[in-house]
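Take a look at the structure below.
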Amino acid sequence: MLQINIVTIFPPYFTGPLALSIPARAAAAGLVNYRLVDLRDYTHDKHRTVDDAPYGGGAGMVMKPAPFFEAVEAIGANSSGKPIILLSPRGRRFAHADAERLSQLEEFTLLCGHYKDVDQRVADHLATEELSLGDFVLSGGEPAALAVIDATVRLIPGAMSDLDSARTDSFYGRDISAPSYTRPPDFRGHGVPDVLLSGNHAEIEKWRTAEGLRRSAERATE
């Protein structure tokens with residue numbers, strides 16, 4: 001079973017999404033367990049404060065290091081070989097290869113920041129890596145954590161009823177996948193490529209390979 005620890009100031013953010021679709025079915029099948037860790041439980045003042053003003057001045061508030069360290073230590077997630085991932089716009093771009101790697105582990109932890117920033121000592125001395133969804137800023141690490149979880153969990157053997165479907169997705173051992181079509185063959189005057197209706201599986205596979213390569217090349221020039 002894969003254990004995913006999620007450290008956040010908003011545990012309820014995850015309860016709905018993780019109770020739906022593949023993440024929920026994987027949990028029900030005993031393939032994955034989600035542990036929601038409330039960062040505020042590891043504060044020591046009556047206001048349960050997790051942030052403070054930045055040294056050197058400037059706008060916004062910075063999340064304090066101590067609650068993150070104490071939360072990770074309390075759940076024993078800082079053991080050797082267990083990735084601790086800080087979701088951060090400074091991080092390396094999350095890719096399909098990361099989802100494959102994480103899906104094969106026994107445990108990993110996601111740290112969700114909020115406010116202006118997270119104290120750099122969390123990245124330098126607690127997290128084992130930083131991951132980003134792209135060159136944009138979210139309101140917090142929670143949406144990014146959900147994306148990482150969804151991309152990872154669907155690759156666990158048994159999580160999907162049709163693993164072949166995942167293996168033909170974009171980025172699974174290839175670049176962009178070919179476009180898909182279903183019934184009706186004509187919709188408002190827009191048809192389906194003839195090759196897909198031909199029944200010639202060899203030609204269909206050739207078309208899909210060529211389309212995937214063409215679209216990948218187009219994307220590379222954007």
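Chain labels run A, B, ... following the order of the structure tokens; each chain numbers its residues from 1, and ligands are numbered from 1 in the order shown.
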
When you look at Val50 of chain A with a cut-off of 12 Å (counting only C-alpha atoms), what residues show up, excluding the ones that are within fewer than 3 positions of it in the same chain? I need them as an MDAnalysis selection string. chainID A and resid 8:9 38:47 53 61:71 113:115 117:119

I need the residues from that last selection saved to file as a PDB file, in the first residue's frame (with N, CA and C atoms), if you can.
ATOM      1  N   THR A   8      -0.911  20.302   5.508  1.00  0.00           N
ATOM      2  CA  THR A   8      -1.644  21.452   4.989  1.00  0.00           C
ATOM      3  C   THR A   8      -2.361  22.182   6.119  1.00  0.00           C
ATOM      4  N   ILE A   9      -2.669  23.457   5.893  1.00  0.00           N
ATOM      5  CA  ILE A   9      -3.513  24.171   6.864  1.00  0.00           C
ATOM      6  C   ILE A   9      -4.991  24.034   6.498  1.00  0.00           C
ATOM      7  N   ASP A  38      -2.904  18.287   9.774  1.00  0.00           N
ATOM      8  CA  ASP A  38      -3.197  19.709   9.963  1.00  0.00           C
ATOM      9  C   ASP A  38      -1.969  20.405  10.534  1.00  0.00           C
ATOM     10  N   LEU A  39      -1.373  21.287   9.754  1.00  0.00           N
ATOM     11  CA  LEU A  39      -0.156  21.979  10.178  1.00  0.00           C
ATOM     12  C   LEU A  39      -0.368  22.767  11.459  1.00  0.00           C
ATOM     13  N   ARG A  40      -1.569  23.261  11.674  1.00  0.00           N
ATOM     14  CA  ARG A  40      -1.839  24.067  12.867  1.00  0.00           C
ATOM     15  C   ARG A  40      -1.791  23.235  14.151  1.00  0.00           C
ATOM     16  N   ASP A  41      -1.873  21.928  14.030  1.00  0.00           N
ATOM     17  CA  ASP A  41      -1.757  21.078  15.216  1.00  0.00           C
ATOM     18  C   ASP A  41      -0.339  21.086  15.771  1.00  0.00           C
ATOM     19  N   TYR A  42       0.599  21.655  15.025  1.00  0.00           N
ATOM     20  CA  TYR A  42       1.997  21.664  15.455  1.00  0.00           C
ATOM     21  C   TYR A  42       2.483  23.090  15.710  1.00  0.00           C
ATOM     22  N   THR A  43       1.555  23.911  16.169  1.00  0.00           N
ATOM     23  CA  THR A  43       1.873  25.256  16.641  1.00  0.00           C
ATOM     24  C   THR A  43       1.719  25.275  18.159  1.00  0.00           C
ATOM     25  N   HIS A  44       2.201  26.335  18.811  1.00  0.00           N
ATOM     26  CA  HIS A  44       2.231  26.347  20.277  1.00  0.00           C
ATOM     27  C   HIS A  44       1.707  27.661  20.860  1.00  0.00           C
ATOM     28  N   ASP A  45       0.820  28.306  20.156  1.00  0.00           N
ATOM     29  CA  ASP A  45       0.190  29.513  20.686  1.00  0.00           C
ATOM     30  C   ASP A  45      -1.317  29.376  20.528  1.00  0.00           C
ATOM     31  N   LYS A  46      -2.050  30.174  21.240  1.00  0.00           N
ATOM     32  CA  LYS A  46      -3.510  30.007  21.260  1.00  0.00           C
ATOM     33  C   LYS A  46      -4.158  30.315  19.914  1.00  0.00           C
ATOM     34  N   HIS A  47      -3.475  31.084  19.092  1.00  0.00           N
ATOM     35  CA  HIS A  47      -4.021  31.417  17.778  1.00  0.00           C
ATOM     36  C   HIS A  47      -3.608  30.417  16.693  1.00  0.00           C
ATOM     37  N   ALA A  53       5.880  37.744   9.676  1.00  0.00           N
ATOM     38  CA  ALA A  53       6.388  38.728   8.724  1.00  0.00           C
ATOM     39  C   ALA A  53       7.778  38.330   8.234  1.00  0.00           C
ATOM     40  N   MET A  61       3.124  37.398   4.009  1.00  0.00           N
ATOM     41  CA  MET A  61       3.551  36.661   5.190  1.00  0.00           C
ATOM     42  C   MET A  61       4.245  35.369   4.758  1.00  0.00           C
ATOM     43  N   VAL A  62       5.147  34.903   5.609  1.00  0.00           N
ATOM     44  CA  VAL A  62       5.944  33.718   5.316  1.00  0.00           C
ATOM     45  C   VAL A  62       5.599  32.614   6.312  1.00  0.00           C
ATOM     46  N   MET A  63       5.399  31.405   5.826  1.00  0.00           N
ATOM     47  CA  MET A  63       5.085  30.293   6.719  1.00  0.00           C
ATOM     48  C   MET A  63       6.327  29.901   7.504  1.00  0.00           C
ATOM     49  N   LYS A  64       6.132  29.706   8.803  1.00  0.00           N
ATOM     50  CA  LYS A  64       7.227  29.412   9.720  1.00  0.00           C
ATOM     51  C   LYS A  64       7.754  27.987   9.517  1.00  0.00           C
ATOM     52  N   PRO A  65       9.052  27.775   9.780  1.00  0.00           N
ATOM     53  CA  PRO A  65       9.604  26.433   9.570  1.00  0.00           C
ATOM     54  C   PRO A  65       9.190  25.412  10.624  1.00  0.00           C
ATOM     55  N   ALA A  66       9.086  25.844  11.887  1.00  0.00           N
ATOM     56  CA  ALA A  66       8.894  24.891  12.981  1.00  0.00           C
ATOM     57  C   ALA A  66       7.678  23.978  12.802  1.00  0.00           C
ATOM     58  N   PRO A  67       6.483  24.489  12.443  1.00  0.00           N
ATOM     59  CA  PRO A  67       5.339  23.583  12.298  1.00  0.00           C
ATOM     60  C   PRO A  67       5.566  22.499  11.248  1.00  0.00           C
ATOM     61  N   PHE A  68       6.218  22.829  10.145  1.00  0.00           N
ATOM     62  CA  PHE A  68       6.491  21.828   9.114  1.00  0.00           C
ATOM     63  C   PHE A  68       7.421  20.739   9.647  1.00  0.00           C
ATOM     64  N   PHE A  69       8.513  21.158  10.295  1.00  0.00           N
ATOM     65  CA  PHE A  69       9.461  20.175  10.828  1.00  0.00           C
ATOM     66  C   PHE A  69       8.787  19.278  11.859  1.00  0.00           C
ATOM     67  N   GLU A  70       8.024  19.884  12.773  1.00  0.00           N
ATOM     68  CA  GLU A  70       7.392  19.103  13.842  1.00  0.00           C
ATOM     69  C   GLU A  70       6.334  18.154  13.293  1.00  0.00           C
ATOM     70  N   ALA A  71       5.581  18.600  12.284  1.00  0.00           N
ATOM     71  CA  ALA A  71       4.549  17.742  11.696  1.00  0.00           C
ATOM     72  C   ALA A  71       5.174  16.516  11.038  1.00  0.00           C
ATOM     73  N   GLY A 113       2.396  24.741   0.954  1.00  0.00           N
ATOM     74  CA  GLY A 113       2.594  26.093   1.447  1.00  0.00           C
ATOM     75  C   GLY A 113       1.350  26.946   1.240  1.00  0.00           C
ATOM     76  N   HIS A 114       1.405  28.152   1.757  1.00  0.00           N
ATOM     77  CA  HIS A 114       0.322  29.121   1.579  1.00  0.00           C
ATOM     78  C   HIS A 114       0.900  30.500   1.851  1.00  0.00           C
ATOM     79  N   TYR A 115       0.069  31.513   1.757  1.00  0.00           N
ATOM     80  CA  TYR A 115       0.512  32.892   1.952  1.00  0.00           C
ATOM     81  C   TYR A 115       1.570  33.264   0.925  1.00  0.00           C
ATOM     82  N   ASP A 117       4.959  32.920   0.989  1.00  0.00           N
ATOM     83  CA  ASP A 117       6.063  31.990   0.773  1.00  0.00           C
ATOM     84  C   ASP A 117       6.191  31.070   1.978  1.00  0.00           C
ATOM     85  N   VAL A 118       7.115  30.128   1.867  1.00  0.00           N
ATOM     86  CA  VAL A 118       7.479  29.218   2.954  1.00  0.00           C
ATOM     87  C   VAL A 118       8.931  29.493   3.303  1.00  0.00           C
ATOM     88  N   ASP A 119       9.240  29.540   4.592  1.00  0.00           N
ATOM     89  CA  ASP A 119      10.617  29.757   5.025  1.00  0.00           C
ATOM     90  C   ASP A 119      11.558  28.815   4.265  1.00  0.00           C
TER      91      ASP A 119
END

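The list of residues with at least one atom within 10 Å of Ala217 of chain A, based on only C-alpha atoms and without residues fewer than 6 positions apart in the same chain, reads Asp175, Ile176 and Glu211 of chain A.
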
Could you please take those selected residues and save C-alpha atoms as an mmCIF file, in the first residue's frame?
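And here's again-v4.cif as it stands now:
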data_model
loop_
_atom_site.group_PDB
_atom_site.id
_atom_site.type_symbol
_atom_site.label_atom_id
_atom_site.label_comp_id
_atom_site.auth_asym_id
_atom_site.auth_seq_id
_atom_site.Cartn_x
_atom_site.Cartn_y
_atom_site.Cartn_z
ATOM 1 C CA ASP A 175 4.959 12.331 -26.123
ATOM 2 C CA ILE A 176 1.487 13.635 -26.957
ATOM 3 C CA GLU A 211 -0.476 12.075 -35.190
#

Nearest to Gly134 of chain A: which of A:Phe94, A:Tyr55, A:Phe187, A:Tyr13 is it, counting only C-alpha atoms? A:Phe94

DSSP says strand (DSSP E) for which residues of segment 94-185 of chain A? Put them as a list in words? Glu107, Phe108, Thr109, Leu110, Leu111, Cys112, Asp117, Val118, Glu129, Glu130, Leu131 and Ser132 of chain A

Those same residues, written as a tab-separated table (two decimals), in the first residue's frame with N, CA and C atoms?
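Once written, part_3.tsv looks like this:
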chain	number	residue	atom	x	y	z
A	107	GLU	N	5.81	5.17	0.51
A	107	GLU	CA	5.36	6.35	1.24
A	107	GLU	C	6.02	7.60	0.68
A	108	PHE	N	5.28	8.69	0.63
A	108	PHE	CA	5.87	10.00	0.40
A	108	PHE	C	4.98	11.06	1.04
A	109	THR	N	5.56	12.24	1.24
A	109	THR	CA	4.87	13.33	1.94
A	109	THR	C	4.85	14.57	1.07
A	110	LEU	N	3.70	15.24	1.04
A	110	LEU	CA	3.53	16.48	0.30
A	110	LEU	C	3.36	17.62	1.29
A	111	LEU	N	4.16	18.66	1.15
A	111	LEU	CA	4.08	19.85	1.99
A	111	LEU	C	3.42	20.97	1.20
A	112	CYS	N	2.30	21.46	1.72
A	112	CYS	CA	1.55	22.50	1.03
A	112	CYS	C	1.79	23.85	1.69
A	117	ASP	N	4.96	32.92	0.99
A	117	ASP	CA	6.06	31.99	0.77
A	117	ASP	C	6.19	31.07	1.98
A	118	VAL	N	7.11	30.13	1.87
A	118	VAL	CA	7.48	29.22	2.95
A	118	VAL	C	8.93	29.49	3.30
A	129	GLU	N	12.87	17.33	-2.08
A	129	GLU	CA	12.75	17.88	-3.42
A	129	GLU	C	11.62	18.90	-3.46
A	130	GLU	N	11.67	19.76	-4.46
A	130	GLU	CA	10.61	20.73	-4.70
A	130	GLU	C	10.02	20.47	-6.08
A	131	LEU	N	8.70	20.47	-6.17
A	131	LEU	CA	8.03	20.25	-7.44
A	131	LEU	C	7.05	21.39	-7.71
A	132	SER	N	6.91	21.72	-8.98
A	132	SER	CA	6.01	22.77	-9.43
A	132	SER	C	5.14	22.23	-10.55

List the neighbours of Asp150 of chain A out to 12 Å using only C-alpha atoms; skip same-chain residues closer than 2 positions along the sequence, and give me the result as a PyMOL selection string. chain A and resi 4+14+17-27+32+34+96+99-100+102-103+143-148+152-156+159-160

At a cut-off of 10 Å, using only C-alpha atoms, what residues contact Pro193 of chain A? Leave out same-chain residues fewer than 6 positions from it and give the result as a count of residues only. 4

For the atom pair atom CA of Lys82 of chain A and atom CA of Thr49 of chain A, what is the interatomic distance in Å to one decimal place?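 These two atoms are separated by 27.5 Å.
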
Would you work out the distance separating atom CA of Leu36 of chain A from atom CA of Pro12 of chain A, expressed in Å to one decimal? 8.8 Å

I'd like to know which residues of segment 69-186 of chain A are helix (DSSP H, G or I) (by DSSP, run on the backbone); could you write them as a VMD selection string? chain A and resid 69 to 74 96 to 103 120 to 125 142 to 153 163 to 167
